[in-house]
Amino acid sequence: MNVDVTWRKLLTHARRKLHRLLVDPESSMLAGIITWAILVLIGISSVTICLESMSQYQCPDDVDSCTVEDNIKVIEAVCVYTFTVEYGLKFLTADNSWVFFKGGMNMIDLISILPFYLEMIPGSDAEGT
């Protein structure tokens with residue numbers, strides 16, 4: 001058997017197994033744990049977004065550093081980076097990337113992580129006003 005064909009079959013099998021792990025929580029115990037972890041992070045991210053918008057958790061303009069606001073931003077960053085890795089892996093392991101990209105829930109996932117990265121663009125309005 002050709003070594004190229006063997007590697008290709010092995011990589012295809014690994015790609016499909018990883019995709020199933022990420023999209024089918026009933027495929028294994030690990031898949032269920034990953035799904036629950038992502039759901040918990042979605043909840044945490046939602047709470048941090050709410051907290052970030054509340055005036056008592058925002059730093060006054062005359063203060064250089066604010067521990068609470070900094071901690072909220074770190075938590076939000078960890079959540080978004082995790083969502084980005086999950087989305088990227090699902091995209092890269094999908095049988096058809098274009099069909100994956102056009103999927104309704106996948107578009108929602110992408111739209112939910114994009115604002116975090118758009119705020120990093122120099123000259124963007126980070127406060128959303």
# chains A, B, ... in the order shown; residues from 1 in each chain; ligands from 1
>>> residues_around(residues="Ile34 (chain A)", least_positions_apart="4", cutoff="8 Å", atoms="only C-alpha atoms", output="ChimeraX atom specification")
/A:22,25,30,38
>>> write_last_selection(atoms="all heavy atoms", output="mmCIF file, in the first residue's frame")
data_model
loop_
_atom_site.group_PDB
_atom_site.id
_atom_site.type_symbol
_atom_site.label_atom_id
_atom_site.label_comp_id
_atom_site.auth_asym_id
_atom_site.auth_seq_id
_atom_site.Cartn_x
_atom_site.Cartn_y
_atom_site.Cartn_z
ATOM 1 N N LEU A 22 -16.421 17.392 18.235
ATOM 2 C CA LEU A 22 -16.822 18.782 18.448
ATOM 3 C C LEU A 22 -18.297 19.059 18.180
ATOM 4 O O LEU A 22 -18.860 20.007 18.729
ATOM 5 C CB LEU A 22 -15.974 19.707 17.576
ATOM 6 C CG LEU A 22 -14.489 19.753 17.917
ATOM 7 C CD1 LEU A 22 -13.710 20.449 16.817
ATOM 8 C CD2 LEU A 22 -14.266 20.419 19.260
ATOM 9 N N PRO A 25 -22.270 15.708 20.807
ATOM 10 C CA PRO A 25 -21.976 15.459 22.218
ATOM 11 C C PRO A 25 -22.279 14.032 22.667
ATOM 12 O O PRO A 25 -21.770 13.594 23.693
ATOM 13 C CB PRO A 25 -22.868 16.462 22.953
ATOM 14 C CG PRO A 25 -23.859 16.935 21.981
ATOM 15 C CD PRO A 25 -23.294 16.711 20.614
ATOM 16 N N LEU A 30 -16.021 12.278 26.193
ATOM 17 C CA LEU A 30 -15.214 13.480 25.993
ATOM 18 C C LEU A 30 -15.980 14.532 25.199
ATOM 19 O O LEU A 30 -15.933 15.725 25.507
ATOM 20 C CB LEU A 30 -13.893 13.138 25.299
ATOM 21 C CG LEU A 30 -12.949 14.307 25.031
ATOM 22 C CD1 LEU A 30 -12.587 15.022 26.342
ATOM 23 C CD2 LEU A 30 -11.696 13.816 24.316
ATOM 24 N N ILE A 38 -18.154 24.181 26.788
ATOM 25 C CA ILE A 38 -18.477 25.300 25.899
ATOM 26 C C ILE A 38 -19.746 26.002 26.372
ATOM 27 O O ILE A 38 -19.815 27.239 26.396
ATOM 28 C CB ILE A 38 -18.612 24.831 24.431
ATOM 29 C CG1 ILE A 38 -17.267 24.337 23.888
ATOM 30 C CG2 ILE A 38 -19.202 25.920 23.542
ATOM 31 C CD1 ILE A 38 -16.188 25.405 23.807
#
>>> residues_around(residues="region 110-114 of chain A", least_positions_apart="5", cutoff="10 Å", atoms="only C-alpha atoms", output="VMD selection string")
chain A and resid 79 to 81 83 to 84 87 to 88 101 105 119
>>> write_last_selection(atoms="N, CA and C atoms", output="tab-separated table (two decimals), in the first residue's frame")
chain	number	residue	atom	x	y	z
A	79	CYS	N	-12.73	33.32	27.11
A	79	CYS	CA	-13.93	32.73	26.51
A	79	CYS	C	-13.90	32.86	24.99
A	80	VAL	N	-13.62	34.06	24.49
A	80	VAL	CA	-13.64	34.28	23.04
A	80	VAL	C	-12.53	33.48	22.35
A	81	TYR	N	-11.36	33.41	22.95
A	81	TYR	CA	-10.28	32.61	22.35
A	81	TYR	C	-10.69	31.14	22.28
A	83	PHE	N	-13.80	30.00	22.11
A	83	PHE	CA	-14.81	29.89	21.05
A	83	PHE	C	-14.17	29.94	19.67
A	84	THR	N	-13.12	30.73	19.54
A	84	THR	CA	-12.42	30.84	18.26
A	84	THR	C	-11.74	29.53	17.89
A	87	TYR	N	-14.49	27.06	16.93
A	87	TYR	CA	-15.03	27.37	15.61
A	87	TYR	C	-14.02	27.01	14.52
A	88	GLY	N	-12.77	27.38	14.73
A	88	GLY	CA	-11.73	27.08	13.74
A	88	GLY	C	-11.55	25.59	13.52
A	101	PHE	N	-19.67	26.92	6.77
A	101	PHE	CA	-19.66	28.37	6.91
A	101	PHE	C	-21.06	28.95	6.76
A	105	MET	N	-26.30	28.23	12.57
A	105	MET	CA	-25.68	28.32	13.89
A	105	MET	C	-24.20	28.68	13.78
A	119	GLU	N	-12.70	45.04	17.64
A	119	GLU	CA	-12.31	46.08	18.60
A	119	GLU	C	-10.79	46.23	18.68
>>> closest_residue(among="A:Lys9, A:Lys90, A:Arg20, A:Lys73", to="Gly32 (chain A)", atoms="only C-alpha atoms")
A:Arg20
>>> residues_around(residues="Val47 (chain A)", least_positions_apart="3", cutoff="12 Å", atoms="only C-alpha atoms", output="list in words")
Val40, Leu41, Ile42, Gly43, Ile44, Cys50, Leu51, Glu52, Ser53, Met54, Ile72, Lys73, Ile75, Glu76 and Cys79 of chain A
>>> write_last_selection(atoms="all heavy atoms", output="mmCIF file, in the first residue's frame")
data_model
loop_
_atom_site.group_PDB
_atom_site.id
_atom_site.type_symbol
_atom_site.label_atom_id
_atom_site.label_comp_id
_atom_site.auth_asym_id
_atom_site.auth_seq_id
_atom_site.Cartn_x
_atom_site.Cartn_y
_atom_site.Cartn_z
ATOM 1 N N VAL A 40 -20.876 26.171 29.448
ATOM 2 C CA VAL A 40 -20.523 26.925 30.654
ATOM 3 C C VAL A 40 -19.803 28.216 30.265
ATOM 4 O O VAL A 40 -20.089 29.289 30.809
ATOM 5 C CB VAL A 40 -19.665 26.066 31.614
ATOM 6 C CG1 VAL A 40 -19.029 26.910 32.705
ATOM 7 C CG2 VAL A 40 -20.510 24.953 32.224
ATOM 8 N N LEU A 41 -18.886 28.125 29.306
ATOM 9 C CA LEU A 41 -18.180 29.323 28.849
ATOM 10 C C LEU A 41 -19.128 30.322 28.190
ATOM 11 O O LEU A 41 -18.948 31.538 28.331
ATOM 12 C CB LEU A 41 -17.045 28.957 27.895
ATOM 13 C CG LEU A 41 -15.820 28.334 28.556
ATOM 14 C CD1 LEU A 41 -14.811 27.913 27.494
ATOM 15 C CD2 LEU A 41 -15.192 29.291 29.544
ATOM 16 N N ILE A 42 -20.140 29.842 27.490
ATOM 17 C CA ILE A 42 -21.138 30.740 26.904
ATOM 18 C C ILE A 42 -21.860 31.494 28.018
ATOM 19 O O ILE A 42 -22.074 32.708 27.938
ATOM 20 C CB ILE A 42 -22.143 29.968 26.013
ATOM 21 C CG1 ILE A 42 -21.444 29.487 24.743
ATOM 22 C CG2 ILE A 42 -23.365 30.834 25.681
ATOM 23 C CD1 ILE A 42 -22.269 28.509 23.916
ATOM 24 N N GLY A 43 -22.222 30.779 29.076
ATOM 25 C CA GLY A 43 -22.867 31.429 30.215
ATOM 26 C C GLY A 43 -21.960 32.451 30.875
ATOM 27 O O GLY A 43 -22.384 33.579 31.169
ATOM 28 N N ILE A 44 -20.708 32.079 31.104
ATOM 29 C CA ILE A 44 -19.741 32.998 31.711
ATOM 30 C C ILE A 44 -19.538 34.220 30.829
ATOM 31 O O ILE A 44 -19.511 35.361 31.304
ATOM 32 C CB ILE A 44 -18.402 32.273 31.981
ATOM 33 C CG1 ILE A 44 -18.578 31.242 33.097
ATOM 34 C CG2 ILE A 44 -17.303 33.265 32.323
ATOM 35 C CD1 ILE A 44 -17.390 30.312 33.271
ATOM 36 N N CYS A 50 -22.632 41.384 30.337
ATOM 37 C CA CYS A 50 -23.575 42.171 31.145
ATOM 38 C C CYS A 50 -22.834 43.010 32.184
ATOM 39 O O CYS A 50 -23.124 44.192 32.364
ATOM 40 C CB CYS A 50 -24.584 41.257 31.836
ATOM 41 S SG CYS A 50 -25.720 40.444 30.705
ATOM 42 N N LEU A 51 -21.887 42.404 32.886
ATOM 43 C CA LEU A 51 -21.129 43.125 33.911
ATOM 44 C C LEU A 51 -20.339 44.274 33.302
ATOM 45 O O LEU A 51 -20.246 45.357 33.888
ATOM 46 C CB LEU A 51 -20.182 42.181 34.650
ATOM 47 C CG LEU A 51 -20.814 41.142 35.568
ATOM 48 C CD1 LEU A 51 -19.740 40.226 36.145
ATOM 49 C CD2 LEU A 51 -21.617 41.803 36.669
ATOM 50 N N GLU A 52 -19.775 44.043 32.143
ATOM 51 C CA GLU A 52 -18.961 45.058 31.475
ATOM 52 C C GLU A 52 -19.787 46.296 31.121
ATOM 53 O O GLU A 52 -19.267 47.412 31.080
ATOM 54 C CB GLU A 52 -18.341 44.456 30.218
ATOM 55 C CG GLU A 52 -17.166 45.198 29.689
ATOM 56 C CD GLU A 52 -16.489 44.445 28.554
ATOM 57 O OE1 GLU A 52 -17.157 43.691 27.822
ATOM 58 O OE2 GLU A 52 -15.272 44.627 28.406
ATOM 59 N N SER A 53 -21.075 46.103 30.898
ATOM 60 C CA SER A 53 -21.927 47.225 30.527
ATOM 61 C C SER A 53 -22.474 47.977 31.742
ATOM 62 O O SER A 53 -23.045 49.057 31.587
ATOM 63 C CB SER A 53 -23.088 46.735 29.661
ATOM 64 O OG SER A 53 -23.964 45.944 30.449
ATOM 65 N N MET A 54 -22.307 47.434 32.933
ATOM 66 C CA MET A 54 -22.815 48.090 34.147
ATOM 67 C C MET A 54 -21.810 49.125 34.644
ATOM 68 O O MET A 54 -20.616 48.853 34.751
ATOM 69 C CB MET A 54 -23.089 47.036 35.221
ATOM 70 C CG MET A 54 -24.155 46.039 34.817
ATOM 71 S SD MET A 54 -24.318 44.656 35.949
ATOM 72 C CE MET A 54 -24.989 45.461 37.372
ATOM 73 N N ILE A 72 -12.580 41.244 34.220
ATOM 74 C CA ILE A 72 -13.703 40.948 33.316
ATOM 75 C C ILE A 72 -13.190 40.809 31.885
ATOM 76 O O ILE A 72 -13.585 39.886 31.164
ATOM 77 C CB ILE A 72 -14.787 42.046 33.415
ATOM 78 C CG1 ILE A 72 -15.506 41.944 34.762
ATOM 79 C CG2 ILE A 72 -15.784 41.944 32.268
ATOM 80 C CD1 ILE A 72 -16.457 43.082 35.053
ATOM 81 N N LYS A 73 -12.283 41.684 31.484
ATOM 82 C CA LYS A 73 -11.736 41.617 30.118
ATOM 83 C C LYS A 73 -10.912 40.342 29.901
ATOM 84 O O LYS A 73 -10.956 39.743 28.827
ATOM 85 C CB LYS A 73 -10.908 42.858 29.814
ATOM 86 C CG LYS A 73 -11.756 44.097 29.628
ATOM 87 C CD LYS A 73 -10.911 45.294 29.269
ATOM 88 C CE LYS A 73 -11.729 46.546 29.219
ATOM 89 N NZ LYS A 73 -12.433 46.737 27.982
ATOM 90 N N ILE A 75 -11.381 37.439 31.481
ATOM 91 C CA ILE A 75 -12.356 36.339 31.397
ATOM 92 C C ILE A 75 -13.013 36.322 30.025
ATOM 93 O O ILE A 75 -13.142 35.264 29.395
ATOM 94 C CB ILE A 75 -13.409 36.457 32.521
ATOM 95 C CG1 ILE A 75 -12.752 36.218 33.884
ATOM 96 C CG2 ILE A 75 -14.558 35.484 32.291
ATOM 97 C CD1 ILE A 75 -13.620 36.588 35.066
ATOM 98 N N GLU A 76 -13.406 37.494 29.539
ATOM 99 C CA GLU A 76 -14.017 37.588 28.213
ATOM 100 C C GLU A 76 -13.051 37.116 27.125
ATOM 101 O O GLU A 76 -13.430 36.377 26.210
ATOM 102 C CB GLU A 76 -14.446 39.030 27.937
ATOM 103 C CG GLU A 76 -15.110 39.210 26.596
ATOM 104 C CD GLU A 76 -15.445 40.660 26.279
ATOM 105 O OE1 GLU A 76 -15.066 41.561 27.050
ATOM 106 O OE2 GLU A 76 -16.068 40.881 25.230
ATOM 107 N N CYS A 79 -12.729 33.323 27.108
ATOM 108 C CA CYS A 79 -13.927 32.729 26.506
ATOM 109 C C CYS A 79 -13.904 32.857 24.986
ATOM 110 O O CYS A 79 -14.113 31.876 24.262
ATOM 111 C CB CYS A 79 -15.190 33.385 27.065
ATOM 112 S SG CYS A 79 -15.542 33.007 28.793
#
>>> residues_around(residues="Thr12 (chain A)", least_positions_apart="5", cutoff="9 Å", atoms="only C-alpha atoms", output="ChimeraX atom specification")
/A:7,17,93
>>> write_last_selection(atoms="N, CA and C atoms", output="short mmCIF file (atom, residue, chain, number, x, y, z; two decimals), in the first residue's frame")
data_model
loop_
_atom_site.label_atom_id
_atom_site.label_comp_id
_atom_site.auth_asym_id
_atom_site.auth_seq_id
_atom_site.Cartn_x
_atom_site.Cartn_y
_atom_site.Cartn_z
N TRP A 7 -1.33 7.63 4.85
CA TRP A 7 -1.37 8.88 5.61
C TRP A 7 -2.65 9.64 5.36
N LYS A 17 -13.03 12.15 13.10
CA LYS A 17 -13.20 11.84 14.52
C LYS A 17 -13.19 13.13 15.36
N THR A 93 -12.24 20.91 10.13
CA THR A 93 -12.51 19.47 10.08
C THR A 93 -13.82 19.13 9.38
#
>>> closest_residue(among="A:Trp98, A:Pro122, A:Ile108, A:Leu89", to="Leu18 (chain A)", atoms="only C-alpha atoms")
A:Leu89
>>> select_by_dssp(residues="region 16-124 of chain A", states="helix (DSSP H, G or I)", output="PyMOL selection string")
chain A and resi 16-23+29-53+55-57+67-93+97-102+104-118
>>> atom_distance(atom1="CA of Leu11 (chain A)", atom2="CA of Asn96 (chain A)")
15.6 Å
>>> atom_distance(atom1="CA of Gln58 (chain A)", atom2="CA of Val85 (chain A)")
28.5 Å
>>> atom_distance(atom1="CA of Asn106 (chain A)", atom2="CA of Val23 (chain A)")
11.1 Å
>>> closest_residue(among="A:Ala37, A:Leu21, A:Ile49, A:Ala94", to="Val74 (chain A)", atoms="only C-alpha atoms")
A:Ile49
